[in-house]
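K.L.:
Sharing a structure, written as C-alpha coordinates. Questions coming.
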Amino acid sequence: MQNFDYMTPTRLIFGEGVISQLSEVLAPIGKRVLLTYGSGSIKKIGLYDKVKELLKDFEVYELSDIQPNPKYDPSVLDGVKICKEQNIDIILSVGGGSVLECSKAIAAGAKYDGEPWDLITYKVPTNATLPIVDIMTLAATGSEYDCGGVISKTDSNDKVGYMDSHLFPVVSFLDPTYTFTVSKKADGGRLCRCYESHYGAVFYS
(Lines give C-alpha, C1' and ligand atoms only; values in the text may rest on other atoms or scores of the structure.)
Protein backbone atom coordinates (compact mmCIF):
# COMPACT_ATOMS: atom_id res chain seq x y z
CA MET A 1 0.00 0.00 0.00
CA GLN A 2 1.21 3.49 -0.87
CA ASN A 3 0.25 6.37 1.39
CA PHE A 4 -1.16 9.50 -0.17
CA ASP A 5 -2.58 12.90 0.74
CA TYR A 6 -5.35 14.03 -1.65
CA MET A 7 -7.08 17.42 -1.75
CA THR A 8 -9.48 18.92 -4.31
CA PRO A 9 -10.56 22.35 -3.09
CA THR A 10 -11.93 23.35 -6.51
CA ARG A 11 -15.66 23.97 -6.76
CA LEU A 12 -17.09 22.01 -9.71
CA ILE A 13 -20.28 23.31 -11.31
CA PHE A 14 -21.54 20.61 -13.66
CA GLY A 15 -24.40 20.50 -16.14
CA GLU A 16 -25.93 22.00 -19.24
CA GLY A 17 -26.15 25.80 -19.17
CA VAL A 18 -24.22 26.23 -15.93
CA ILE A 19 -22.12 29.12 -17.25
CA SER A 20 -25.18 31.30 -16.70
CA GLN A 21 -23.73 31.55 -13.18
CA LEU A 22 -20.43 32.97 -14.44
CA SER A 23 -20.88 36.62 -13.50
CA GLU A 24 -22.28 35.63 -10.11
CA VAL A 25 -19.17 33.53 -9.43
CA LEU A 26 -16.68 36.14 -10.65
CA ALA A 27 -18.19 39.25 -9.04
CA PRO A 28 -16.96 38.61 -5.48
CA ILE A 29 -13.43 37.95 -6.76
CA GLY A 30 -12.87 41.02 -8.92
CA LYS A 31 -13.84 43.03 -11.98
CA ARG A 32 -10.65 42.96 -14.07
CA VAL A 33 -10.51 39.69 -15.98
CA LEU A 34 -7.89 38.10 -18.23
CA LEU A 35 -9.75 35.84 -20.67
CA THR A 36 -7.47 33.10 -22.00
CA TYR A 37 -8.27 30.77 -24.89
CA GLY A 38 -6.76 28.89 -27.79
CA SER A 39 -6.96 29.04 -31.57
CA GLY A 40 -10.56 30.19 -31.79
CA SER A 41 -12.75 27.08 -31.56
CA ILE A 42 -14.72 28.73 -28.74
CA LYS A 43 -15.78 31.39 -31.26
CA LYS A 44 -16.99 28.77 -33.74
CA ILE A 45 -19.31 27.17 -31.17
CA GLY A 46 -20.62 30.50 -29.90
CA LEU A 47 -19.06 30.16 -26.46
CA TYR A 48 -16.85 33.23 -26.84
CA ASP A 49 -19.83 35.49 -27.55
CA LYS A 50 -21.76 33.97 -24.65
CA VAL A 51 -18.88 34.58 -22.25
CA LYS A 52 -18.39 38.15 -23.43
CA GLU A 53 -22.11 38.83 -22.92
CA LEU A 54 -21.98 37.40 -19.41
CA LEU A 55 -18.95 39.59 -18.68
CA LYS A 56 -20.45 42.82 -20.02
CA ASP A 57 -20.13 44.44 -16.58
CA PHE A 58 -16.48 43.40 -16.20
CA GLU A 59 -13.28 44.85 -17.62
CA VAL A 60 -11.98 42.09 -19.88
CA TYR A 61 -8.52 41.66 -21.43
CA GLU A 62 -7.70 38.76 -23.73
CA LEU A 63 -4.86 36.35 -24.40
CA SER A 64 -5.58 34.11 -27.39
CA ASP A 65 -3.73 31.53 -29.51
CA ILE A 66 -2.57 29.38 -26.60
CA GLN A 67 -1.29 26.22 -28.26
CA PRO A 68 -1.45 22.56 -27.26
CA ASN A 69 1.60 21.90 -25.10
CA PRO A 70 1.43 25.54 -23.97
CA LYS A 71 4.53 27.61 -24.56
CA TYR A 72 6.38 29.63 -21.96
CA ASP A 73 7.28 32.13 -24.65
CA PRO A 74 5.10 33.74 -25.83
CA SER A 75 1.95 32.59 -24.03
CA VAL A 76 2.98 32.49 -20.37
CA LEU A 77 5.16 35.58 -20.60
CA ASP A 78 2.53 37.55 -22.53
CA GLY A 79 -0.13 36.59 -20.01
CA VAL A 80 2.01 37.59 -17.06
CA LYS A 81 2.74 40.93 -18.71
CA ILE A 82 -0.96 41.65 -19.23
CA CYS A 83 -1.79 40.70 -15.65
CA LYS A 84 0.83 43.01 -14.21
CA GLU A 85 0.24 45.94 -16.53
CA GLN A 86 -3.57 45.82 -16.24
CA ASN A 87 -3.78 44.88 -12.55
CA ILE A 88 -5.83 41.78 -13.34
CA ASP A 89 -7.98 40.36 -10.53
CA ILE A 90 -8.82 36.95 -11.97
CA ILE A 91 -7.96 34.69 -14.90
CA LEU A 92 -10.81 33.06 -16.82
CA SER A 93 -9.60 30.08 -18.86
CA VAL A 94 -11.99 28.97 -21.64
CA GLY A 95 -11.03 25.89 -23.63
CA GLY A 96 -9.15 22.67 -23.06
CA GLY A 97 -6.47 21.52 -20.68
CA SER A 98 -3.62 23.35 -22.41
CA VAL A 99 -5.33 26.71 -22.00
CA LEU A 100 -5.94 26.03 -18.32
CA GLU A 101 -2.41 24.76 -17.68
CA CYS A 102 -0.96 27.85 -19.31
CA SER A 103 -3.32 29.99 -17.23
CA LYS A 104 -2.03 28.37 -14.04
CA ALA A 105 1.54 29.33 -14.90
CA ILE A 106 0.39 32.85 -15.74
CA ALA A 107 -1.47 33.10 -12.43
CA ALA A 108 1.70 32.26 -10.53
CA GLY A 109 3.98 34.45 -12.61
CA ALA A 110 1.67 37.42 -12.13
CA LYS A 111 2.37 37.30 -8.39
CA TYR A 112 6.15 36.93 -8.73
CA ASP A 113 8.66 39.70 -9.36
CA GLY A 114 11.30 37.50 -10.98
CA GLU A 115 11.46 35.20 -14.01
CA PRO A 116 8.35 32.96 -14.00
CA TRP A 117 10.43 30.02 -15.22
CA ASP A 118 12.01 29.99 -11.74
CA LEU A 119 8.59 29.02 -10.35
CA ILE A 120 7.89 26.41 -13.01
CA THR A 121 11.24 24.71 -12.40
CA TYR A 122 10.96 24.97 -8.59
CA LYS A 123 13.99 27.18 -8.17
CA VAL A 124 11.82 29.36 -5.95
CA PRO A 125 8.57 28.44 -4.16
CA THR A 126 5.17 29.54 -5.38
CA ASN A 127 3.76 31.64 -2.56
CA ALA A 128 0.72 33.21 -4.24
CA THR A 129 -1.28 33.17 -7.48
CA LEU A 130 -4.12 35.04 -9.08
CA PRO A 131 -7.42 33.15 -8.74
CA ILE A 132 -8.42 31.04 -11.74
CA VAL A 133 -11.88 30.11 -13.00
CA ASP A 134 -12.28 27.84 -16.02
CA ILE A 135 -14.88 26.78 -18.55
CA MET A 136 -13.82 23.47 -20.06
CA THR A 137 -14.49 22.40 -23.64
CA LEU A 138 -12.51 19.15 -23.50
CA ALA A 139 -12.50 16.44 -20.85
CA ALA A 140 -9.00 15.10 -21.12
CA THR A 141 -6.33 16.18 -18.64
CA GLY A 142 -8.15 16.67 -15.35
CA SER A 143 -6.68 20.16 -15.10
CA GLU A 144 -10.07 21.47 -14.03
CA TYR A 145 -9.62 19.97 -10.58
CA ASP A 146 -5.91 19.52 -10.12
CA CYS A 147 -3.02 21.78 -9.19
CA GLY A 148 -0.65 21.38 -12.09
CA GLY A 149 0.19 21.51 -15.75
CA VAL A 150 2.97 21.06 -18.28
CA ILE A 151 4.76 24.03 -19.82
CA SER A 152 7.15 23.90 -22.80
CA LYS A 153 10.15 26.18 -23.22
CA THR A 154 11.06 25.85 -26.87
CA ASP A 155 14.36 27.74 -26.86
CA SER A 156 15.89 25.22 -24.45
CA ASN A 157 13.73 22.24 -25.53
CA ASP A 158 12.42 21.82 -21.98
CA LYS A 159 9.00 20.47 -21.06
CA VAL A 160 8.32 20.74 -17.36
CA GLY A 161 5.50 19.50 -15.16
CA TYR A 162 4.61 22.25 -12.70
CA MET A 163 2.49 21.44 -9.65
CA ASP A 164 1.73 23.47 -6.56
CA SER A 165 -1.19 23.64 -4.14
CA HIS A 166 -1.74 27.31 -5.04
CA LEU A 167 -2.65 26.32 -8.63
CA PHE A 168 -6.05 24.72 -8.02
CA PRO A 169 -8.79 26.57 -9.92
CA VAL A 170 -11.28 28.32 -7.66
CA VAL A 171 -14.24 27.20 -9.78
CA SER A 172 -14.56 24.93 -12.82
CA PHE A 173 -17.61 25.10 -15.07
CA LEU A 174 -18.21 21.72 -16.73
CA ASP A 175 -20.91 21.72 -19.40
CA PRO A 176 -20.57 18.49 -21.43
CA THR A 177 -22.44 20.01 -24.37
CA TYR A 178 -19.28 21.99 -25.14
CA THR A 179 -17.52 18.69 -25.89
CA PHE A 180 -20.01 17.64 -28.56
CA THR A 181 -18.02 19.31 -31.35
CA VAL A 182 -14.81 17.49 -30.47
CA SER A 183 -13.52 15.57 -33.49
CA LYS A 184 -14.10 11.81 -33.55
CA LYS A 185 -10.35 11.52 -33.97
CA ALA A 186 -10.10 12.76 -30.40
CA ASP A 187 -12.58 10.03 -29.35
CA GLY A 188 -15.46 12.28 -28.36
CA GLY A 189 -17.38 9.34 -26.92
CA ARG A 190 -14.54 8.61 -24.55
CA LEU A 191 -14.49 12.24 -23.50
CA CYS A 192 -18.14 12.18 -22.56
CA ARG A 193 -17.67 8.87 -20.73
CA CYS A 194 -14.84 10.56 -18.86
CA TYR A 195 -17.35 13.10 -17.57
CA GLU A 196 -19.70 10.25 -16.70
CA SER A 197 -17.10 8.46 -14.60
CA HIS A 198 -15.94 11.60 -12.79
CA TYR A 199 -19.22 13.34 -12.18
CA GLY A 200 -21.88 10.64 -12.23
CA ALA A 201 -23.86 11.92 -15.19
CA VAL A 202 -24.19 10.64 -18.75
CA PHE A 203 -23.88 12.98 -21.75
CA TYR A 204 -23.14 11.37 -25.13
CA SER A 205 -22.51 13.32 -28.33
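Just so we're on the same page: first chain in the C-alpha coordinates is A, next is B, and so on; residues restart at 1 for each chain, and ligands are numbered from 1 in the order they show up.
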Just the residues within 8 Å of segment 31-33 of chain A, please, counting only C-alpha atoms, with nothing from its chain fewer than 3 positions along; format it as a ChimeraX atom specification.
P.N.:
/A:26-27,57-61,86-92
K.L.:
DSSP on the backbone, strand (DSSP E or B) only: what residues of segment 6-186 of chain A does that give? Format it as a PyMOL selection string.
P.N.:
chain A and resi 11-14+32-36+59-63+71+90-95+132-136+148-153+158-163+171-174
K.L.:
Which one of A:Cys102, A:Leu22, A:Ile45, A:Leu167 sits closest to Pro74 of chain A if you count only C-alpha atoms?
P.N.:
A:Cys102
K.L.:
Using only C-alpha atoms, can you tell me which of A:Glu101, A:Asp164, A:Ile151, A:Gln67 comes closest to Val124 of chain A?
P.N.:
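Of all the options, A:Asp164 lies closest to Val124 of chain A.
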K.L.:
Would you kindly return, as a PyMOL selection string, each protein, DNA or RNA residue with an atom no farther than 7 Å from any atom of Tyr162 of chain A, considering only C-alpha atoms and excluding same-chain residues fewer than 3 positions away?
P.N.:
chain A and resi 120+148-150
K.L.:
Which residue out of A:Asp146, A:Asp5, A:Asp118, A:Glu16 has the minimum interatomic distance to Tyr72 of chain A when only C-alpha atoms are used?
P.N.:
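Checking each candidate against Tyr72 of chain A, we get A:Asp118 as the closest.
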K.L.:
Could you work out how far atom CA of Tyr48 of chain A lies from atom CA of Leu12 of chain A, giving the answer in Å with one decimal?
P.N.:
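Separation of atom CA of Leu12 of chain A and atom CA of Tyr48 of chain A: 20.5 Å.
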